[in-house]
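Beneath this line is the structure, given in structure tokens, with notes to follow.
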Amino acid sequence: MSHWYEDAAIVPDEDIRAAALQRQDSLTKPKGSLGQLEKVAVQLAANQHSNTPVVDKPLIAIFAGDHGVTTEGVSAYPQSVTAEMIRNFSRGGAAISVLAKGLGAEFTVVNVGTVYALEDLPNVQDRRVGSGTQNMCVTEAMDVEQCEAALAVGRDIIDEAGDINVFIGGEMGIGNTTSAAALAVAHTRLSATAMVGRGTGISDQVLAKKSAVVTRALSKHLAQMKNGLEVLRRIGGFEIAALAGAYIRAAQKGIVVLVDGYICTAAAMSAVKINPSIRPWLFFSHCSAEPGHGRLLTKLEAEPLLQLDMRLGEGSGAALALPILQAACHLHNQMASFDEAGVSRGND
Ligand SMILES: Cc1cc2ncn([C@H]3O[C@H](COP(=O)(O)O)[C@@H](O)[C@H]3O)c2cc1C
Ligand SMILES: O=C(O)c1cccnc1
């Protein structure tokens with residue numbers, strides 16, 4: 001049986017890529033002097049099958065879920081913060097609320113599975129597929145139906161979005177850096193200590209425990225983790241699965257994806273393992289202060305745009321990187337060529 005998440009993404013146009021590369025080299029600047037902005041513009045042009053790429057209609061969706069692994073004592077904050085922060089997103093008080101407002105972006109918060117149901121809140125959608133995941137050290141984080149349902153939540157958010165051309169996913173889930181680290185270990189085969197970080201700010205003692213928790217979870221599930229979906233189901237989270245589903249659907253619809261920090265990158269890695277054809281659609285905002293993030297980005301051959309020592313999540317880094325993606329498009333589309341401007345070419 002084939003599944004929606006296995007359907008191919010839109011394939012970049014190689015003729016447009018060649019034309020976009022040629023255009024970059026015709027613009028009034030030394031060749032290559034706009035660095036990564038040039039690469040970004042060329043990739044966006046190829047993806048969008050247009051030599052005038054555009055990322056001016058963003059959707060920011062924050063997916064929230066609770067994690068059973070928090071019972072192991074792996075976060076500096078209590079599990080109740082996940083739901084409390086949903087209220088804060090709704091009221092406009094969170095970092096991402098402020099950044100989304102500044103960007104004028106469409107903004108929504110999606111509860112994929114907090115432990116407790118929340119009251120009705122403005123801008124918050126209740127799509128809970130369970131009351132938090134199970135503790136991955138003891139059993140699978142999600143059963144098959146929950147994992148499929150969480151992936152479909154992400155898909156539906158993209159399908160129900162208005163006219164968008166760029167998607168930013170964010171996450172909120174106390175304990176989710178443990179899940180992200182476990183996913184990172186599973187997909188890189190690097191050690192737990194290389195992939196585990198301080199998350200919300202844990203002590204040395206808790207850090208050692210967190211590594212042991214990830215090691216235990218991996219040894220419990222490794223033999224049965226035969227594909228990307230099983231990895232996600234066994235050691236992922238509801239919000240991580242929803243992000244993966246949203247990334248896959250965005251790529252299938254030709255919507256550019258701006259991936260945020262460590263947890264979102266773990267979701268992106270899961271999505272690529274489930275459906276490798278989505279990879280060209282993923283742009284990476286920043287390298288977070290979590291040491292595992294850089295290693296996971298390297299595994300994905302990703303070149304993040306920013307390095308700001310951030311370790312927040314919520315989609316905050318991606319929101320900050322969006323204007324850079326937009327600037328890359330404006331420069332590509334609006335700069336004058338040497339011929340147009342009457343500027344002499346070099347012999348580079
Ligand atoms: C007030 C607050 C706001 C947040 N916003 C994002 N996170 C971030 O921290 C959590 C992951 O860290 P750990 O694995 O250590 O629990 C996630 O919810 C992530 O989005 C927050 C965490 C807190 C405490
Ligand atoms: O990089 C991230 O996304 C991150 C790091 C620490 C805590 N929350 C999120």
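Ligands are numbered from 1 in the order shown, residues from 1 within each chain, and chains are lettered A, B, ... in the order they appear in the structure tokens.
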Within 10 Å of stretch 218-223 of chain A, counting only C-alpha atoms, which residues show up once you throw out same-chain ones fewer than 5 positions away? Write them as a PyMOL selection string, please.
-> chain A and resi 136-140+182-183+185-186+192+212-213+230-231+234-235
Written selection (C-alpha atoms) as a PDB file, in the first residue's frame:
ATOM      1  CA  MET A 136      10.572   5.886  24.703  1.00  0.00           C
ATOM      2  CA  CYS A 137      12.821   4.219  27.284  1.00  0.00           C
ATOM      3  CA  VAL A 138       9.980   1.860  28.149  1.00  0.00           C
ATOM      4  CA  THR A 139       7.981   1.440  24.948  1.00  0.00           C
ATOM      5  CA  GLU A 140       7.326   3.037  21.548  1.00  0.00           C
ATOM      6  CA  ALA A 182      17.606  10.260  20.011  1.00  0.00           C
ATOM      7  CA  LEU A 183      16.498  10.810  16.400  1.00  0.00           C
ATOM      8  CA  VAL A 185      21.721   9.410  17.058  1.00  0.00           C
ATOM      9  CA  ALA A 186      19.544   6.983  15.114  1.00  0.00           C
ATOM     10  CA  ALA A 192      24.457   9.971  22.549  1.00  0.00           C
ATOM     11  CA  ALA A 212      22.028   7.634  29.434  1.00  0.00           C
ATOM     12  CA  VAL A 213      18.305   7.977  28.668  1.00  0.00           C
ATOM     13  CA  GLU A 230       9.659   3.415  12.498  1.00  0.00           C
ATOM     14  CA  VAL A 231      12.443   5.587  13.893  1.00  0.00           C
ATOM     15  CA  ARG A 234       9.481   4.798  18.323  1.00  0.00           C
ATOM     16  CA  ILE A 235      11.565   7.752  19.535  1.00  0.00           C
TER      17      ILE A 235
END
Output the neighbourhood of ligand 2 as an MDAnalysis selection string, that is, all protein and nucleic acid residues with some atom at most 6 Å from the ligand, counting only C-alpha atoms and all ligand atoms.
-> chainID A and resid 199:200 261:263 288 290 311:313
Within 8 Å of ligand 1, counting only C-alpha atoms and all ligand atoms, which protein or nucleic acid residues do you find, written as number ranges by chain?
-> A: 64, 70, 74-79, 81-82, 85, 94-95, 170-179, 198-202, 263, 311-314
Could those selected residues go to a file with N, CA and C atoms, as a compact mmCIF listing (two decimals), in the first residue's frame?
# COMPACT_ATOMS: atom_id res chain seq x y z
N ALA A 64 2.65 21.68 18.97
CA ALA A 64 2.98 21.40 20.38
C ALA A 64 2.57 19.99 20.76
N THR A 70 9.73 12.76 29.66
CA THR A 70 9.97 13.76 30.71
C THR A 70 9.94 13.11 32.11
N VAL A 74 14.52 14.84 32.33
CA VAL A 74 15.50 15.25 31.32
C VAL A 74 15.43 16.74 30.95
N SER A 75 14.48 17.46 31.51
CA SER A 75 14.34 18.89 31.19
C SER A 75 14.49 19.72 32.46
N ALA A 76 14.86 20.99 32.28
CA ALA A 76 14.97 21.89 33.42
C ALA A 76 13.59 22.45 33.81
N TYR A 77 12.59 22.19 32.99
CA TYR A 77 11.25 22.76 33.23
C TYR A 77 10.20 21.66 33.32
N PRO A 78 9.11 21.93 34.06
CA PRO A 78 8.06 20.91 34.18
C PRO A 78 7.23 20.77 32.90
N GLN A 79 6.63 19.62 32.74
CA GLN A 79 5.84 19.32 31.54
C GLN A 79 4.69 20.31 31.33
N VAL A 81 4.68 23.30 31.26
CA VAL A 81 5.08 24.47 30.47
C VAL A 81 4.61 24.36 29.01
N THR A 82 4.51 23.14 28.50
CA THR A 82 4.07 22.99 27.10
C THR A 82 2.69 23.64 26.92
N MET A 85 2.72 27.44 27.62
CA MET A 85 3.25 28.22 26.50
C MET A 85 2.26 28.32 25.34
N ALA A 94 4.85 35.15 23.46
CA ALA A 94 6.05 34.33 23.24
C ALA A 94 6.95 34.98 22.19
N ALA A 95 8.22 34.56 22.18
CA ALA A 95 9.17 35.11 21.20
C ALA A 95 8.63 34.97 19.78
N GLY A 170 7.34 25.56 13.74
CA GLY A 170 7.98 25.70 15.05
C GLY A 170 7.48 24.59 15.95
N GLU A 171 8.12 24.44 17.10
CA GLU A 171 7.68 23.38 18.01
C GLU A 171 7.71 23.86 19.45
N MET A 172 6.88 23.24 20.25
CA MET A 172 6.87 23.45 21.70
C MET A 172 6.56 22.11 22.34
N GLY A 173 7.46 21.64 23.17
CA GLY A 173 7.21 20.36 23.84
C GLY A 173 8.32 20.10 24.84
N ILE A 174 8.01 20.29 26.11
CA ILE A 174 9.05 20.04 27.12
C ILE A 174 9.56 18.60 26.97
N GLY A 175 10.87 18.46 26.96
CA GLY A 175 11.49 17.14 26.77
C GLY A 175 11.86 16.84 25.33
N ASN A 176 11.50 17.74 24.41
CA ASN A 176 11.69 17.34 23.01
C ASN A 176 13.13 17.42 22.51
N THR A 177 14.03 18.06 23.27
CA THR A 177 15.44 17.95 22.84
C THR A 177 15.98 16.54 23.10
N THR A 178 15.38 15.81 24.03
CA THR A 178 15.79 14.42 24.25
C THR A 178 15.36 13.57 23.06
N SER A 179 14.14 13.80 22.61
CA SER A 179 13.64 13.07 21.44
C SER A 179 14.46 13.44 20.19
N ARG A 198 22.09 20.69 26.47
CA ARG A 198 21.45 21.14 27.71
C ARG A 198 20.01 21.60 27.54
N GLY A 199 19.50 21.60 26.33
CA GLY A 199 18.09 21.95 26.13
C GLY A 199 17.73 23.25 26.80
N THR A 200 16.77 23.19 27.71
CA THR A 200 16.33 24.39 28.43
C THR A 200 17.34 24.86 29.48
N GLY A 201 18.44 24.12 29.67
CA GLY A 201 19.48 24.57 30.61
C GLY A 201 19.69 23.64 31.79
N ILE A 202 19.92 22.37 31.52
CA ILE A 202 20.10 21.39 32.60
C ILE A 202 21.54 21.39 33.12
N ILE A 263 15.27 20.63 17.04
CA ILE A 263 14.12 19.73 17.00
C ILE A 263 13.52 19.71 15.59
N ARG A 311 18.97 29.05 21.26
CA ARG A 311 18.54 27.68 21.64
C ARG A 311 17.14 27.76 22.20
N LEU A 312 16.27 28.30 21.40
CA LEU A 312 14.89 28.49 21.84
C LEU A 312 13.91 27.55 21.16
N GLY A 313 14.02 27.41 19.86
CA GLY A 313 12.96 26.68 19.15
C GLY A 313 11.79 27.60 18.86
N GLU A 314 10.59 27.04 18.81
CA GLU A 314 9.36 27.80 18.50
C GLU A 314 9.30 28.29 17.06
DSSP says helix (DSSP H, G or I) for which residues of stretch 137-214 of chain A? Put them as a PyMOL selection string?
-> chain A and resi 144-160+176-188+192-195+204-214
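The spacing separating atom CA of A:Glu340 from atom CA of A:Val40 amounts to 23.5 Å.
Distances to A:Gly292 were evaluated for A:Gln205, A:Ser270, A:Thr188, A:Thr215 using only C-alpha atoms, and the minimum falls at A:Thr188.
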Excluding stretch 245-248 of chain A and residues on its chain fewer than 5 positions from it, collect all residues at most 6 Å away from it, counting only C-alpha atoms, and give them as a list in words.
->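 Counting only C-alpha atoms, the residues come to Leu151, Gly154 and Arg155 of chain A.
Note that the spacing between atom CA of A:Glu160 and atom CA of A:Leu59 amounts to 10.9 Å.
Comparing A:Leu207, A:Ala266, A:Leu103, A:Val166 by their smallest distance to A:Gly73, the closest is A:Leu207 (using only C-alpha atoms).
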Between A:Arg233, A:Arg189, A:Arg249, A:Arg91, which has the minimum distance to A:Val144 (counting only C-alpha atoms)?
->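 Residue with the minimum atom-to-atom distance to A:Val144: A:Arg233.
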Once DSSP has gone over the backbone, tell me which residues of stretch 97-340 of chain A are in strand (DSSP E), as a PyMOL selection string.
-> chain A and resi 106-113+124-126+166-172+256-259+282-284
Between atom CA of A:Gly102 and atom CA of A:Leu305, what is the spacing in Å?
->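 Atom-to-atom, atom CA of A:Leu305 and atom CA of A:Gly102 are spaced 19.6 Å apart.
Ranking A:Ala100, A:Leu27, A:Leu229, A:Cys147 by their shortest atom-to-atom distance to A:Arg345, with only C-alpha atoms included, puts A:Leu27 first.
In this comparison, which uses only C-alpha atoms, the residue of A:Val109, A:Ala242, A:Ile168, A:Ala336 approaching A:Glu148 most closely is A:Ala242.
If only C-alpha atoms are the atoms counted, then among A:Gly113, A:Gly130, A:Pro323, A:Pro276 the closest residue to A:Asp56 is A:Pro323.
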Give me the residues within 12 Å of stretch 126-128 of chain A as a compact mmCIF listing (two decimals) with N, CA and C atoms, in the first residue's frame, counting only C-alpha atoms and dropping any in the same chain fewer than 5 places off.
# COMPACT_ATOMS: atom_id res chain seq x y z
N PHE A 63 3.74 23.63 16.28
CA PHE A 63 3.15 22.36 16.70
C PHE A 63 3.60 22.05 18.13
N ALA A 64 2.65 21.68 18.97
CA ALA A 64 2.98 21.40 20.38
C ALA A 64 2.57 19.99 20.76
N GLY A 65 3.40 19.39 21.61
CA GLY A 65 3.08 18.05 22.09
C GLY A 65 3.89 17.73 23.33
N ASP A 66 3.35 16.86 24.17
CA ASP A 66 4.08 16.44 25.38
C ASP A 66 4.80 15.12 25.15
N ALA A 83 1.75 23.27 27.76
CA ALA A 83 0.39 23.83 27.66
C ALA A 83 0.39 25.32 28.03
N ILE A 86 1.40 27.33 25.18
CA ILE A 86 0.35 27.44 24.14
C ILE A 86 -0.52 28.67 24.45
N THR A 108 -0.33 30.29 13.28
CA THR A 108 -1.28 29.39 13.95
C THR A 108 -0.52 28.46 14.89
N VAL A 109 -1.21 28.05 15.95
CA VAL A 109 -0.64 27.12 16.93
C VAL A 109 -1.48 25.85 16.89
N VAL A 110 -0.82 24.71 16.82
CA VAL A 110 -1.53 23.44 16.66
C VAL A 110 -1.17 22.52 17.82
N ASN A 111 -2.17 22.20 18.63
CA ASN A 111 -1.93 21.26 19.73
C ASN A 111 -2.07 19.84 19.20
N VAL A 112 -0.92 19.17 19.04
CA VAL A 112 -0.93 17.82 18.48
C VAL A 112 -1.05 16.77 19.59
N GLY A 113 -0.83 17.20 20.85
CA GLY A 113 -0.97 16.19 21.90
C GLY A 113 -0.37 16.56 23.25
N THR A 114 -0.92 17.62 23.86
CA THR A 114 -0.51 17.90 25.24
C THR A 114 -1.17 16.87 26.16
N VAL A 115 -0.62 16.71 27.35
CA VAL A 115 -1.18 15.76 28.32
C VAL A 115 -2.61 16.17 28.69
N TYR A 116 -2.79 17.44 28.94
CA TYR A 116 -4.13 17.91 29.29
C TYR A 116 -4.74 18.67 28.11
N ALA A 117 -6.03 18.50 27.93
CA ALA A 117 -6.75 19.29 26.92
C ALA A 117 -6.80 20.73 27.41
N LEU A 118 -6.72 21.66 26.47
CA LEU A 118 -6.78 23.07 26.83
C LEU A 118 -8.15 23.63 26.51
N GLU A 119 -8.49 24.74 27.15
CA GLU A 119 -9.71 25.47 26.81
C GLU A 119 -9.57 26.03 25.39
N ASP A 120 -10.67 26.47 24.79
CA ASP A 120 -10.60 27.11 23.47
C ASP A 120 -9.78 28.39 23.58
N LEU A 121 -8.85 28.55 22.66
CA LEU A 121 -7.97 29.73 22.69
C LEU A 121 -7.87 30.31 21.28
N THR A 133 3.17 11.58 24.40
CA THR A 133 3.70 10.29 23.92
C THR A 133 4.02 9.40 25.12
N GLN A 146 -1.27 6.65 15.94
CA GLN A 146 -0.92 7.99 16.42
C GLN A 146 0.13 8.64 15.53
N CYS A 147 1.12 7.87 15.11
CA CYS A 147 2.18 8.43 14.27
C CYS A 147 1.61 8.86 12.92
N ALA A 149 -1.47 9.65 12.36
CA ALA A 149 -2.38 10.79 12.60
C ALA A 149 -1.60 12.07 12.80
N ALA A 150 -0.46 11.99 13.51
CA ALA A 150 0.34 13.20 13.75
C ALA A 150 0.95 13.70 12.44
N LEU A 151 1.44 12.79 11.61
CA LEU A 151 1.94 13.19 10.28
C LEU A 151 0.83 13.88 9.48
N ALA A 152 -0.38 13.33 9.58
CA ALA A 152 -1.51 13.89 8.82
C ALA A 152 -1.92 15.27 9.35
N VAL A 153 -1.71 15.51 10.64
CA VAL A 153 -2.01 16.85 11.18
C VAL A 153 -1.14 17.88 10.46
N GLY A 154 0.14 17.58 10.33
CA GLY A 154 1.04 18.51 9.61
C GLY A 154 0.62 18.69 8.17
N ASP A 156 -2.33 18.35 6.91
CA ASP A 156 -3.58 19.11 6.82
C ASP A 156 -3.37 20.61 7.04
N ILE A 157 -2.42 20.95 7.91
CA ILE A 157 -2.16 22.38 8.14
C ILE A 157 -1.68 23.03 6.84
N PHE A 238 4.82 13.78 18.98
CA PHE A 238 3.66 14.17 18.17
C PHE A 238 3.97 15.42 17.34
N GLU A 239 4.58 16.43 17.99
CA GLU A 239 4.85 17.68 17.26
C GLU A 239 5.94 17.48 16.22
N ALA A 242 4.27 15.79 13.29
CA ALA A 242 3.44 16.77 12.56
C ALA A 242 4.33 17.67 11.70
Contacts of A:Ala19 at 10 Å or less, counting only C-alpha atoms, minus same-chain residues fewer than 3 places along, as a list in words?
->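 With the cut-off at 10 Å, the set is Glu14, Asp15, Ile16, Gln22, Arg23, Gln24, Asp25, Val42, Ala45, Ala46, Ser50 and Asn51 of chain A.
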